[in-house]
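Enquirer: Here you go, start_13.csv (CSV, C-alpha atoms):
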chain,number,residue,atom,x,y,z
A,1,MET,CA,-24.2,-0.2,1.7
A,2,ARG,CA,-21.0,-0.1,-0.4
A,3,TRP,CA,-18.7,2.7,0.4
A,4,ILE,CA,-16.5,4.3,-2.1
A,5,ILE,CA,-12.8,5.4,-2.2
A,6,GLY,CA,-11.4,8.2,-4.3
A,7,ILE,CA,-14.8,9.1,-5.6
A,8,LEU,CA,-15.7,7.7,-2.3
A,9,ALA,CA,-14.4,10.9,-0.8
A,10,VAL,CA,-16.2,12.6,-3.5
A,11,VAL,CA,-19.7,13.5,-2.8
A,12,LEU,CA,-20.3,16.9,-1.2
A,13,ILE,CA,-23.4,17.6,0.9
A,14,GLY,CA,-26.1,18.8,-1.4
A,15,GLY,CA,-23.8,18.8,-4.4
A,16,SER,CA,-22.7,16.8,-7.3
A,17,TYR,CA,-19.0,17.5,-7.4
A,18,PHE,CA,-16.0,15.5,-6.5
A,19,LEU,CA,-13.1,16.5,-4.4
A,20,GLY,CA,-9.8,16.7,-6.2
A,21,MET,CA,-6.6,15.2,-4.9
A,22,HIS,CA,-3.5,17.3,-5.1
A,23,ALA,CA,0.0,16.2,-4.5
A,24,LYS,CA,2.4,18.6,-2.9
A,25,SER,CA,6.0,18.6,-4.2
A,26,SER,CA,9.0,18.4,-2.0
A,27,GLN,CA,12.6,18.0,-2.9
A,28,VAL,CA,15.5,15.8,-1.8
A,29,LYS,CA,18.8,17.7,-2.3
A,30,LYS,CA,21.6,15.6,-3.8
A,31,GLU,CA,25.2,16.6,-3.1
A,32,THR,CA,28.4,15.8,-5.0
A,33,PRO,CA,29.9,12.6,-3.6
A,34,ILE,CA,33.0,13.0,-1.5
A,35,THR,CA,35.2,10.6,0.5
A,36,GLU,CA,33.1,8.3,2.6
A,37,SER,CA,33.6,7.8,6.3
A,38,LYS,CA,31.2,5.6,8.2
A,39,THR,CA,31.0,2.9,10.8
A,40,GLU,CA,28.9,0.5,8.7
A,41,LYS,CA,28.7,0.0,5.0
A,42,ALA,CA,25.2,0.6,3.8
A,43,LYS,CA,24.2,-1.7,1.0
A,44,GLN,CA,22.2,0.4,-1.5
A,45,LYS,CA,19.3,-1.7,-2.7
A,46,SER,CA,15.7,-0.9,-3.5
A,47,ASP,CA,12.9,-2.8,-5.1
A,48,THR,CA,12.2,0.1,-7.4
A,49,PRO,CA,14.5,2.6,-8.9
A,50,VAL,CA,12.6,5.5,-7.3
A,51,ALA,CA,9.1,6.1,-5.9
A,52,SER,CA,6.4,3.6,-6.7
A,53,ASP,CA,4.2,6.6,-6.4
A,54,PRO,CA,6.7,9.3,-7.5
A,55,ARG,CA,4.6,12.4,-7.3
A,56,ASP,CA,7.7,14.5,-7.2
A,57,LEU,CA,10.2,13.9,-9.9
A,58,ALA,CA,11.7,17.2,-9.0
A,59,SER,CA,13.8,15.1,-6.7
A,60,PHE,CA,15.6,14.0,-9.8
A,61,GLY,CA,15.8,17.4,-11.4
A,62,HIS,CA,12.8,16.6,-13.5
A,63,GLY,CA,9.2,17.8,-13.6
A,64,THR,CA,6.2,15.7,-14.2
A,65,ASN,CA,3.6,15.8,-17.0
A,66,VAL,CA,1.1,13.7,-15.1
A,67,GLU,CA,-2.1,15.6,-14.3
A,68,GLN,CA,-4.2,14.7,-11.3
A,69,THR,CA,-7.9,14.2,-12.1
A,70,ASN,CA,-10.0,17.3,-11.3
A,71,ASN,CA,-13.7,18.3,-10.8
A,72,ASP,CA,-13.7,21.1,-13.3
A,73,PHE,CA,-16.3,19.6,-15.5
A,74,SER,CA,-19.9,20.2,-16.5
A,75,PRO,CA,-22.9,17.8,-16.6
A,76,GLU,CA,-22.4,17.8,-20.4
A,77,ASP,CA,-18.8,16.7,-19.9
A,78,VAL,CA,-19.9,13.9,-17.7
A,79,GLN,CA,-22.6,12.7,-20.1
A,80,ASN,CA,-20.2,12.8,-23.0
A,81,ALA,CA,-17.7,10.7,-21.0
A,82,LEU,CA,-20.5,8.2,-20.2
A,83,ASP,CA,-21.4,8.0,-23.9
A,84,THR,CA,-18.0,7.8,-25.4
A,85,GLY,CA,-15.5,7.1,-22.7
A,86,LYS,CA,-15.1,3.3,-22.7
A,87,PRO,CA,-13.1,3.0,-25.9
A,88,VAL,CA,-10.8,5.9,-24.8
A,89,VAL,CA,-10.0,4.1,-21.6
A,90,GLU,CA,-9.5,0.7,-23.4
A,91,LYS,CA,-7.2,2.3,-25.9
A,92,ALA,CA,-5.1,4.0,-23.3
A,93,ILE,CA,-4.6,0.6,-21.5
A,94,SER,CA,-3.8,-1.4,-24.6
A,95,SER,CA,-1.5,1.2,-26.1
A,96,THR,CA,0.4,1.5,-22.8
A,97,THR,CA,0.9,-2.3,-22.8
A,98,GLU,CA,2.2,-2.1,-26.4
A,99,LEU,CA,4.6,0.7,-25.4
A,100,VAL,CA,5.9,-1.2,-22.4
A,101,ASN,CA,6.6,-4.3,-24.5
A,102,ARG,CA,8.3,-2.2,-27.1
A,103,ILE,CA,10.5,-0.4,-24.6
A,104,VAL,CA,11.6,-3.6,-22.9
A,105,LYS,CA,12.4,-5.2,-26.2
A,106,GLU,CA,14.4,-2.3,-27.5
A,107,GLN,CA,16.2,-2.1,-24.1
A,108,LYS,CA,17.3,-5.7,-24.3
A,109,LYS,CA,18.5,-5.4,-27.9
A,110,MET,CA,20.5,-2.2,-27.2
A,111,LYS,CA,22.0,-3.8,-24.1
A,112,GLU,CA,23.2,-6.8,-26.0
A,113,THR,CA,24.3,-5.0,-29.2
A,114,GLU,CA,26.4,-2.4,-27.4
A,115,GLN,CA,27.3,-4.8,-24.4
A,116,LEU,CA,26.2,-2.2,-21.9
A,117,ARG,CA,26.7,-2.5,-18.2
A,118,ILE,CA,23.9,-1.7,-15.8
A,119,LYS,CA,25.5,1.6,-14.9
A,120,ASP,CA,24.9,2.6,-18.5
A,121,PHE,CA,21.2,2.0,-18.3
A,122,GLN,CA,20.3,5.6,-19.1
A,123,LYS,CA,21.8,5.1,-22.5
A,124,THR,CA,18.9,2.9,-23.4
A,125,VAL,CA,16.5,5.7,-22.5
A,126,THR,CA,16.9,7.5,-25.8
A,127,GLN,CA,15.2,10.8,-26.8
A,128,ASP,CA,12.8,8.7,-28.9
A,129,VAL,CA,11.8,6.7,-25.7
A,130,ARG,CA,11.3,9.9,-23.8
A,131,ASP,CA,9.1,11.4,-26.5
A,132,ARG,CA,7.0,8.2,-26.7
A,133,VAL,CA,6.6,8.2,-22.9
A,134,ASP,CA,5.6,11.9,-22.9
A,135,ALA,CA,2.9,11.2,-25.5
A,136,GLN,CA,1.7,8.1,-23.6
A,137,VAL,CA,1.4,10.2,-20.4
A,138,GLU,CA,-0.9,12.6,-22.2
A,139,ILE,CA,-3.0,9.6,-23.3
A,140,LEU,CA,-3.2,8.3,-19.7
A,141,ASN,CA,-4.0,11.7,-18.4
A,142,GLU,CA,-7.0,12.0,-20.7
A,143,ALA,CA,-8.2,8.5,-20.0
A,144,ALA,CA,-7.9,9.0,-16.2
A,145,GLN,CA,-10.0,12.2,-16.3
A,146,ILE,CA,-12.6,10.5,-18.5
A,147,ALA,CA,-12.8,7.5,-16.2
A,148,HIS,CA,-13.1,9.9,-13.2
A,149,MET,CA,-16.0,11.7,-14.9
A,150,MET,CA,-17.7,8.4,-15.7
A,151,ALA,CA,-17.4,7.2,-12.1
A,152,ALA,CA,-18.8,10.6,-10.9
A,153,GLY,CA,-21.7,10.3,-13.3
A,154,ALA,CA,-22.5,6.7,-12.2
A,155,TYR,CA,-22.3,7.6,-8.6
A,156,MET,CA,-24.5,10.7,-8.9
A,157,ALA,CA,-27.1,8.9,-11.0
A,158,LYS,CA,-27.3,6.2,-8.3
A,159,ASN,CA,-27.1,8.2,-5.1
A,160,GLU,CA,-28.2,11.7,-6.0
A,161,ASP,CA,-30.9,11.0,-8.7
A,162,VAL,CA,-29.0,13.0,-11.3
A,163,PRO,CA,-30.5,12.0,-14.7
A,164,PHE,CA,-27.4,10.7,-16.4
A,165,THR,CA,-27.8,8.0,-19.0
A,166,ASN,CA,-25.6,5.0,-20.0
A,167,VAL,CA,-24.7,4.5,-16.3
A,168,GLU,CA,-26.1,0.9,-16.0
A,169,ASN,CA,-22.8,-0.7,-16.9
A,170,VAL,CA,-20.4,1.6,-15.0
A,171,ILE,CA,-19.2,0.5,-11.6
A,172,ALA,CA,-18.0,3.6,-9.8
A,173,GLU,CA,-16.4,1.7,-7.0
A,174,LYS,CA,-14.0,0.1,-9.4
A,175,LEU,CA,-13.8,2.8,-12.1
A,176,GLU,CA,-12.5,5.5,-9.8
A,177,PRO,CA,-9.6,3.4,-8.4
A,178,LEU,CA,-8.9,2.4,-12.1
A,179,SER,CA,-8.7,6.1,-12.9
A,180,GLN,CA,-6.0,6.5,-10.3
A,181,ASN,CA,-4.2,3.4,-11.5
A,182,LEU,CA,-3.9,5.0,-14.9
A,183,LEU,CA,-2.1,7.9,-13.4
A,184,ASP,CA,0.1,5.6,-11.3
A,185,MET,CA,1.2,3.9,-14.5
A,186,ALA,CA,2.0,7.3,-16.0
A,187,TYR,CA,4.2,8.1,-13.0
A,188,SER,CA,5.9,4.8,-13.5
A,189,LEU,CA,6.7,5.5,-17.1
A,190,GLU,CA,8.2,8.9,-16.2
A,191,THR,CA,10.1,7.3,-13.3
A,192,TYR,CA,11.6,4.8,-15.7
A,193,THR,CA,13.1,7.5,-17.9
A,194,VAL,CA,15.0,9.1,-15.0
A,195,ALA,CA,15.9,6.0,-13.0
A,196,LYS,CA,19.6,5.6,-12.0
A,197,SER,CA,19.5,3.0,-9.2
A,198,PHE,CA,18.9,-0.3,-11.0
A,199,GLU,CA,21.4,-2.8,-9.8
A,200,THR,CA,20.8,-5.5,-12.4
A,201,TRP,CA,19.5,-5.7,-16.0
A,202,ASN,CA,16.8,-8.0,-14.8
A,203,GLU,CA,15.6,-5.4,-12.3
A,204,ALA,CA,15.6,-2.8,-15.1
A,205,GLU,CA,13.8,-5.0,-17.6
A,206,SER,CA,11.1,-6.1,-15.1
A,207,TYR,CA,10.3,-2.7,-13.7
A,208,LEU,CA,7.7,-1.5,-16.2
A,209,PRO,CA,6.0,-4.9,-16.6
A,210,ASN,CA,5.8,-5.2,-12.8
A,211,ARG,CA,4.3,-1.7,-12.5
A,212,GLU,CA,1.9,-2.5,-15.4
A,213,GLU,CA,0.6,-5.6,-13.6
A,214,LYS,CA,0.3,-3.8,-10.2
A,215,SER,CA,-1.3,-0.6,-11.5
A,216,LEU,CA,-2.5,-0.5,-15.1
A,217,LEU,CA,-4.0,-4.0,-15.1
A,218,ALA,CA,-4.8,-4.3,-11.3
A,219,ILE,CA,-8.5,-3.6,-12.0
A,220,PRO,CA,-9.7,-5.2,-15.3
A,221,ILE,CA,-11.7,-2.7,-17.3
A,222,ASN,CA,-14.4,-5.3,-17.8
A,223,GLU,CA,-15.0,-5.2,-14.1
A,224,ALA,CA,-15.4,-1.4,-14.1
A,225,ILE,CA,-17.3,-1.0,-17.4
A,226,PHE,CA,-19.2,-3.9,-18.9
A,227,ASN,CA,-22.0,-4.7,-21.3
A,228,SER,CA,-25.3,-5.5,-19.8
A,229,SER,CA,-25.5,-8.7,-21.7
A,230,SER,CA,-22.5,-10.0,-19.8
A,231,ILE,CA,-23.7,-9.1,-16.4
A,232,ILE,CA,-25.9,-12.2,-15.9
A,233,ASP,CA,-25.0,-15.4,-17.7
A,234,GLN,CA,-27.8,-17.4,-16.1
A,235,PRO,CA,-30.9,-16.2,-14.3
A,236,VAL,CA,-30.7,-16.5,-10.5
A,237,ILE,CA,-33.8,-18.1,-9.1
A,238,ALA,CA,-34.5,-17.5,-5.4
A,239,GLU,CA,-35.8,-20.4,-3.4
A,240,PRO,CA,-39.1,-19.8,-1.7
A,241,VAL,CA,-39.0,-18.6,1.9
A,242,THR,CA,-41.8,-19.2,4.3
A,243,GLU,CA,-43.2,-16.3,6.2
A,244,GLU,CA,-41.9,-17.8,9.5
A,245,GLY,CA,-38.5,-18.5,8.0
A,246,ASN,CA,-38.2,-15.0,6.7
A,247,THR,CA,-39.2,-13.5,10.1
A,248,ASN,CA,-36.6,-15.6,11.9
A,249,ASN,CA,-33.9,-14.7,9.4
A,250,GLU,CA,-34.7,-10.9,9.7
A,251,SER,CA,-34.5,-11.3,13.5
A,252,ALA,CA,-31.2,-13.1,13.3
A,253,ILE,CA,-29.7,-10.3,11.1
A,254,ALA,CA,-31.0,-7.6,13.4
A,255,ASP,CA,-29.3,-9.2,16.4
A,256,GLN,CA,-25.9,-9.2,14.6
A,257,THR,CA,-23.2,-6.7,15.5
A,258,ASP,CA,-21.6,-4.7,12.7
A,259,ALA,CA,-18.5,-6.9,13.1
A,260,GLU,CA,-20.7,-10.0,12.4
A,261,LYS,CA,-22.5,-8.3,9.5
A,262,TYR,CA,-19.3,-7.2,7.9
A,263,PRO,CA,-16.6,-9.9,8.6
A,264,GLU,CA,-14.4,-8.9,5.7
A,265,ALA,CA,-14.5,-5.3,6.6
A,266,ILE,CA,-13.6,-5.9,10.3
A,267,THR,CA,-10.7,-8.1,9.2
A,268,SER,CA,-9.4,-5.4,6.9
A,269,VAL,CA,-9.7,-2.7,9.5
A,270,PHE,CA,-7.7,-4.8,11.9
A,271,LYS,CA,-5.0,-5.4,9.4
A,272,ILE,CA,-4.8,-1.7,8.5
A,273,SER,CA,-4.6,-0.7,12.2
A,274,GLU,CA,-2.0,-3.3,13.0
A,275,ALA,CA,0.1,-2.2,10.0
A,276,MET,CA,-0.1,1.5,11.1
A,277,ASN,CA,1.1,0.5,14.6
A,278,ALA,CA,3.9,-1.6,13.1
A,279,ILE,CA,5.0,1.3,10.9
A,280,TYR,CA,5.2,3.6,13.9
A,281,VAL,CA,7.3,1.2,16.0
A,282,GLU,CA,9.7,0.3,13.1
A,283,ALA,CA,10.1,3.9,12.1
A,284,ASP,CA,10.9,4.9,15.7
A,285,GLU,CA,13.5,2.2,16.0
A,286,LEU,CA,15.2,3.1,12.7
A,287,GLN,CA,15.2,6.8,13.5
A,288,GLN,CA,17.2,6.2,16.6
A,289,LYS,CA,19.9,4.4,14.6
A,290,PHE,CA,21.0,7.7,13.0
A,291,THR,CA,23.7,9.4,15.1
A,292,PRO,CA,25.8,12.6,14.8
A,293,TYR,CA,29.6,12.6,14.6
A,294,LYS,CA,31.1,10.9,17.7
A,295,LYS,CA,34.6,10.2,18.7
A,296,LYS,CA,35.7,6.6,19.2
A,297,ASP,CA,39.4,5.6,19.5
A,298,GLY,CA,40.4,8.9,18.1
A,299,PHE,CA,38.3,8.7,15.0
A,300,SER,CA,35.1,10.6,14.1
A,301,GLN,CA,32.3,8.2,13.3
A,302,PHE,CA,28.6,8.3,12.6
A,303,GLU,CA,25.9,5.7,12.1
A,304,TYR,CA,23.0,5.4,9.7
A,305,ILE,CA,20.9,2.7,8.0
A,306,SER,CA,20.8,1.2,4.5
A,307,VAL,CA,18.0,1.3,2.0
A,308,ASP,CA,17.5,-2.4,2.7
A,309,ASP,CA,16.6,-1.6,6.3
A,310,LEU,CA,13.4,0.0,5.0
A,311,LYS,CA,12.0,-3.2,3.6
A,312,ASP,CA,9.7,-3.9,6.6
A,313,LEU,CA,8.3,-0.4,6.4
A,314,TYR,CA,7.5,-0.9,2.7
A,315,LYS,CA,6.0,-4.3,3.6
A,316,PHE,CA,3.7,-2.8,6.3
A,317,ASP,CA,2.7,0.0,4.0
A,318,ALA,CA,1.9,-2.5,1.2
A,319,THR,CA,-0.5,-4.3,3.6
A,320,ILE,CA,-2.4,-1.0,4.0
A,321,ALA,CA,-2.5,-0.4,0.2
A,322,ASN,CA,-3.7,-4.0,-0.4
A,323,GLU,CA,-6.4,-3.8,2.2
A,324,ILE,CA,-7.7,-0.5,0.8
A,325,THR,CA,-7.8,-2.0,-2.7
A,326,ALA,CA,-9.6,-5.1,-1.3
A,327,SER,CA,-12.1,-2.9,0.4
A,328,THR,CA,-13.7,-2.0,-2.9
A,329,HIS,CA,-14.9,-5.6,-3.1
A,330,PHE,CA,-16.9,-5.8,0.2
A,331,GLU,CA,-19.3,-3.8,2.2
A,332,ALA,CA,-18.6,-1.9,5.4
A,333,PRO,CA,-20.5,0.3,7.8
A,334,ASP,CA,-21.1,3.8,6.5
A,335,TYR,CA,-19.3,5.3,9.5
A,336,THR,CA,-16.0,3.7,8.4
A,337,THR,CA,-16.0,5.4,5.0
A,338,ASN,CA,-13.8,8.3,6.2
A,339,GLY,CA,-11.5,5.9,8.0
A,340,PHE,CA,-10.8,4.0,4.8
A,341,THR,CA,-10.4,7.3,2.9
A,342,GLN,CA,-7.9,8.6,5.5
A,343,ALA,CA,-6.0,5.3,5.4
A,344,MET,CA,-5.6,5.8,1.6
A,345,GLU,CA,-4.2,9.3,2.2
A,346,SER,CA,-1.9,8.1,5.0
A,347,HIS,CA,-0.6,5.4,2.6
A,348,ARG,CA,0.2,8.0,0.0
A,349,ILE,CA,2.1,10.1,2.5
A,350,ILE,CA,4.0,7.2,4.0
A,351,ILE,CA,5.1,5.8,0.6
A,352,LYS,CA,6.2,9.2,-0.5
A,353,GLU,CA,8.3,9.7,2.6
A,354,LEU,CA,9.8,6.2,2.2
A,355,ASP,CA,10.8,6.8,-1.4
A,356,GLN,CA,12.4,10.1,-0.6
A,357,LEU,CA,14.2,8.6,2.3
A,358,SER,CA,15.5,5.8,0.1
A,359,LEU,CA,17.0,8.5,-2.2
A,360,LEU,CA,18.5,10.3,0.7
A,361,LEU,CA,20.2,7.1,1.9
A,362,GLU,CA,21.8,6.4,-1.4
A,363,ASP,CA,24.2,9.4,-0.9
A,364,TYR,CA,23.9,9.7,2.8
A,365,PRO,CA,27.6,9.4,3.8
A,366,GLU,CA,28.7,11.9,1.2
A,367,ASP,CA,25.9,14.4,2.1
A,368,PHE,CA,26.5,13.9,5.8
A,369,GLN,CA,30.2,14.9,5.6
A,370,LYS,CA,29.2,18.1,3.7
A,371,ASP,CA,26.4,19.0,6.0
A,372,PRO,CA,26.2,16.7,9.1
A,373,ASP,CA,23.5,18.6,11.0
A,374,GLY,CA,21.3,19.2,7.9
A,375,THR,CA,21.6,15.7,6.5
A,376,LEU,CA,20.9,14.1,9.9
A,377,MET,CA,17.8,16.4,10.3
A,378,LYS,CA,16.5,15.4,6.9
A,379,ALA,CA,16.6,11.7,7.7
A,380,LYS,CA,15.0,12.1,11.1
A,381,SER,CA,12.4,14.4,9.6
A,382,HIS,CA,11.3,11.8,7.2
A,383,PHE,CA,10.8,9.3,10.0
A,384,GLU,CA,8.9,11.9,12.1
A,385,ARG,CA,6.5,12.5,9.3
A,386,ILE,CA,6.0,8.7,8.8
A,387,LYS,CA,5.4,8.3,12.6
A,388,ASP,CA,2.9,11.2,12.7
A,389,THR,CA,1.0,9.8,9.7
A,390,ALA,CA,0.9,6.3,11.2
A,391,GLN,CA,-0.8,7.8,14.3
A,392,THR,CA,-3.4,9.7,12.3
A,393,GLU,CA,-6.9,9.0,13.5
A,394,LEU,CA,-9.0,6.7,11.2
A,395,PRO,CA,-12.6,7.9,11.7
A,396,GLY,CA,-15.1,5.1,12.6
A,397,PHE,CA,-12.5,2.4,13.0
A,398,GLU,CA,-12.6,2.5,16.9
A,399,LYS,CA,-16.4,2.3,16.9
A,400,PHE,CA,-16.1,-0.7,14.5
A,401,PHE,CA,-13.6,-2.4,16.8
A,402,GLU,CA,-16.0,-2.1,19.7
A,403,THR,CA,-18.7,-4.1,17.9
A,404,ALA,CA,-16.2,-7.0,17.6
A,405,GLY,CA,-16.4,-7.7,21.3
A,406,PRO,CA,-13.7,-9.7,23.2
A,407,GLU,CA,-12.4,-11.3,20.0
A,408,ALA,CA,-11.0,-8.0,19.0
A,409,ASN,CA,-8.1,-8.6,21.3
Please re-express this file's structure in structure tokens.
Expert:
Amino acid sequence: MRWIIGILAVVLIGGSYFLGMHAKSSQVKKETPITESKTEKAKQKSDTPVASDPRDLASFGHGTNVEQTNNDFSPEDVQNALDTGKPVVEKAISSTTELVNRIVKEQKKMKETEQLRIKDFQKTVTQDVRDRVDAQVEILNEAAQIAHMMAAGAYMAKNEDVPFTNVENVIAEKLEPLSQNLLDMAYSLETYTVAKSFETWNEAESYLPNREEKSLLAIPINEAIFNSSSIIDQPVIAEPVTEEGNTNNESAIADQTDAEKYPEAITSVFKISEAMNAIYVEADELQQKFTPYKKKDGFSQFEYISVDDLKDLYKFDATIANEITASTHFEAPDYTTNGFTQAMESHRIIIKELDQLSLLLEDYPEDFQKDPDGTLMKAKSHFERIKDTAQTELPGFEKFFETAGPEAN
């Protein structure tokens, strides 16, 4: 039986409503730079200007207009979404692509015309760009909510016998993650307008197209909502099975362990668990590299890490995210559903902590000299939260491991 993520955490016992996901804001305080004193020069480099999942633009002195999907809808709202939602979602995707292309083109032209250096990147983010981004975020908000309601309707019609219509071509397991991807793209658009840490123009120019590929277009809409005429191109004709052969086959399946029945799922569970363990170990090692002021040869010194030192943590977290995305394409035992859902939540916490830690490291030396104890505590606290999250129990995973037998080791 296919399990579901997002909506997958959605069904309530005896009810037809979906649990909302709410992001809690937290801030990273930025101090005015002062004279730097350190034992090692930290090279400030990051793959993205800010959070890849920047739920908290307050860190940059900005709010966010992105609205998380909610369950405050009626059966009529769901049916209306199922009847009219597809063109709304399609338009949101296509218009976002058009906006990204236009922004990148205008950025290049302005850079060349005014011969801007990368430190002047924000000059390319004109008020007109901000206004268009704000308008597009509203479009993506609406499309995400509609996709969420469509996925809810399809799920409830299939699993709870709620009499919704026009659900035949809606794949809830893909439409719900697609809904979240729309919001991720909205966050990326807002992130772009406040970014200040691009190191090259190539990095600035490729940011939105890369985010578009990894979020907006990660799940093709035709895989989430499609026409019935395109489902089956050619009829599938089953070969005849003898009664004896059918009995033998059923017996063989019954003798299989869950790990044997769900080979893709057990592989994914192993990768997620290994990545969580790796995150804990790496975070613990990096945390210990931060030191308070100490005297050496008559000089006060302190140690810390660079943004580049976080790359392995980002890599391990990306493994978790990739496996969660992949899991929508294969079946897994029902008892692992909560484990995958918790893994998704853990990923969101870890990526948020990493992105905020990256921001802290950009001005760490200056902030440290102003408030040594407070700044050191902030850095270590981020690592503590990452470590705690990496050790969060993933329900059902241990039971699944046991079915794998000796090969699990």
Enquirer: So how far away is CA of Leu360 in chain A from CA of Glu274 in chain A, in Å?
Expert: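 Rounded to one decimal, the two atoms are 27.5 Å apart.
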Enquirer: Taking 3 positions as the minimum chain separation for residues in the same chain, which residues sit within 8 Å of Met185 in chain A when counting all atoms listed in the file? Answer as a list in words.
Expert: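 The residues satisfying every condition are Asn181, Leu182, Ser188, Leu189, Arg211, Glu212, Ser215 and Leu216 of chain A.
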Enquirer: Using only C-alpha atoms, pick whichever of A:Val100, A:Ile139, A:Ala144, A:Val125 has the shortest atom-to-atom distance to Asn70 in chain A.
Expert: A:Ala144
Enquirer: Can you report as AutoDock Vina command-line options the centre and edge lengths in Å, to one decimal, of an axis-aligned box around the listed atoms of range 85-97 of chain A padded with 8 Å on each side?
Expert:
--center_x -7.3 --center_y 2.4 --center_z -23.8 --size_x 32.4 --size_y 25.4 --size_z 20.6
Enquirer: In Å, with one decimal, what is the gap from CA of Glu176 in chain A to CA of Ile146 in chain A?
Expert: 10.0 Å
Enquirer: Kindly extract all protein, DNA and RNA residues lying within 9 Å of the coordinates (15.1, 5.0, -23.5) given in the file, considering all atoms listed in the file, and supply them as a PyMOL selection string.
Expert: chain A and resi 103+106-107+121-130+192-193
Enquirer: Which residues come within 12 Å of Pro372 in chain A, counting all atoms listed in the file, excluding same-chain residues fewer than 2 positions away, as a PyMOL selection string?
Expert: chain A and resi 37+290-294+300-304+364-370+374-379
Enquirer: Between A:Met344, A:Ile225, A:Ala218, A:Leu99, which is the closest to Gly85 in chain A once you count all atoms listed in the file?
Expert: A:Ile225
Enquirer: Could you make a table, as a Markdown table, of the residues of range 324-373 of chain A that have an atom within 12 Å of an atom of range 390-397 of chain A, each with its nearest atom pair and distance in Å to one decimal, counting only C-alpha atoms, in chain and number order?
Expert:
| residue | atom | partner | partner_atom | distance |
| --- | --- | --- | --- | --- |
| A:Ala332 | CA | A:Gly396 | CA | 10.6 |
| A:Pro333 | CA | A:Gly396 | CA | 8.7 |
| A:Asp334 | CA | A:Gly396 | CA | 8.7 |
| A:Tyr335 | CA | A:Gly396 | CA | 5.2 |
| A:Thr336 | CA | A:Gly396 | CA | 4.5 |
| A:Thr337 | CA | A:Gly396 | CA | 7.7 |
| A:Asn338 | CA | A:Pro395 | CA | 5.6 |
| A:Gly339 | CA | A:Leu394 | CA | 4.1 |
| A:Phe340 | CA | A:Leu394 | CA | 7.2 |
| A:Thr341 | CA | A:Leu394 | CA | 8.4 |
| A:Gln342 | CA | A:Leu394 | CA | 6.1 |
| A:Ala343 | CA | A:Leu394 | CA | 6.7 |
| A:Met344 | CA | A:Leu394 | CA | 10.2 |
| A:Glu345 | CA | A:Thr392 | CA | 10.1 |
| A:Ser346 | CA | A:Ala390 | CA | 7.0 |
| A:His347 | CA | A:Ala390 | CA | 8.8 |
| A:Arg348 | CA | A:Ala390 | CA | 11.3 |
| A:Ile349 | CA | A:Ala390 | CA | 9.6 |
| A:Ile350 | CA | A:Ala390 | CA | 7.9 |
| A:Ile351 | CA | A:Ala390 | CA | 11.4 |
| A:Glu353 | CA | A:Ala390 | CA | 11.8 |
Enquirer: So the first atom is CA of Lys158 in chain A and the second is CA of Ile221 in chain A; what is the distance between them in Å, to one decimal place?
Expert: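 Interatomic distance here is 20.1 Å.
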Enquirer: List the spatial neighbours of Asp120 in chain A as a PDB file with C-alpha atoms, in the coordinates of the input - criterion: any atom at most 12 Å away, all atoms listed in the file, same-chain residues fewer than 4 positions off excluded.
Expert:
ATOM      1  CA  GLN A 107      16.200  -2.100 -24.100  1.00  0.00           C
ATOM      2  CA  MET A 110      20.500  -2.200 -27.200  1.00  0.00           C
ATOM      3  CA  LYS A 111      22.000  -3.800 -24.100  1.00  0.00           C
ATOM      4  CA  GLU A 114      26.400  -2.400 -27.400  1.00  0.00           C
ATOM      5  CA  GLN A 115      27.300  -4.800 -24.400  1.00  0.00           C
ATOM      6  CA  LEU A 116      26.200  -2.200 -21.900  1.00  0.00           C
ATOM      7  CA  THR A 124      18.900   2.900 -23.400  1.00  0.00           C
ATOM      8  CA  VAL A 125      16.500   5.700 -22.500  1.00  0.00           C
ATOM      9  CA  THR A 126      16.900   7.500 -25.800  1.00  0.00           C
ATOM     10  CA  ALA A 195      15.900   6.000 -13.000  1.00  0.00           C
ATOM     11  CA  LYS A 196      19.600   5.600 -12.000  1.00  0.00           C
ATOM     12  CA  SER A 197      19.500   3.000  -9.200  1.00  0.00           C
ATOM     13  CA  PHE A 198      18.900  -0.300 -11.000  1.00  0.00           C
ATOM     14  CA  GLU A 199      21.400  -2.800  -9.800  1.00  0.00           C
ATOM     15  CA  THR A 200      20.800  -5.500 -12.400  1.00  0.00           C
ATOM     16  CA  TRP A 201      19.500  -5.700 -16.000  1.00  0.00           C
ATOM     17  CA  ALA A 204      15.600  -2.800 -15.100  1.00  0.00           C
TER      18      ALA A 204
END
Enquirer: Just want the 8 Å neighbourhood of Ala186 in chain A, counted on only C-alpha atoms, with same-chain residues fewer than 6 positions away dropped. Output as number ranges by chain.
Expert: A: 66, 136-137, 140-141
Enquirer: Determine, counting only C-alpha atoms, which protein, DNA and RNA residues have an atom within 7 Å of an atom of Phe316 in chain A; residues of the same chain fewer than 4 positions away are not included. Present the result as an MDAnalysis selection string.
Expert: chainID A and resid 275 278:279 312 320
Enquirer: Step by step: start from the point (-26.4, 16.0, -16.8) in the file's coordinates, keep every protein, DNA or RNA residue that has an atom no farther than 7 Å from it, count all atoms listed in the file, and write the set as a ChimeraX atom specification.
Expert: /A:75-76,78-79,162-164
Enquirer: Counting only C-alpha atoms, which of A:Ile171, A:Val269, A:Leu354, A:Ala135 gets nearest to Met156 in chain A?
Expert: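 Of A:Ile171, A:Val269, A:Leu354, A:Ala135, the one nearest Met156 in chain A, counting only C-alpha atoms, is A:Ile171.
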Enquirer: Which residue is closest to Ser74 in chain A? Choose from A:Pro263, A:Pro177, A:Pro87, A:Gly153 and count only C-alpha atoms.
Expert: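 Counting only C-alpha atoms, the residue closest to Ser74 in chain A is A:Gly153.
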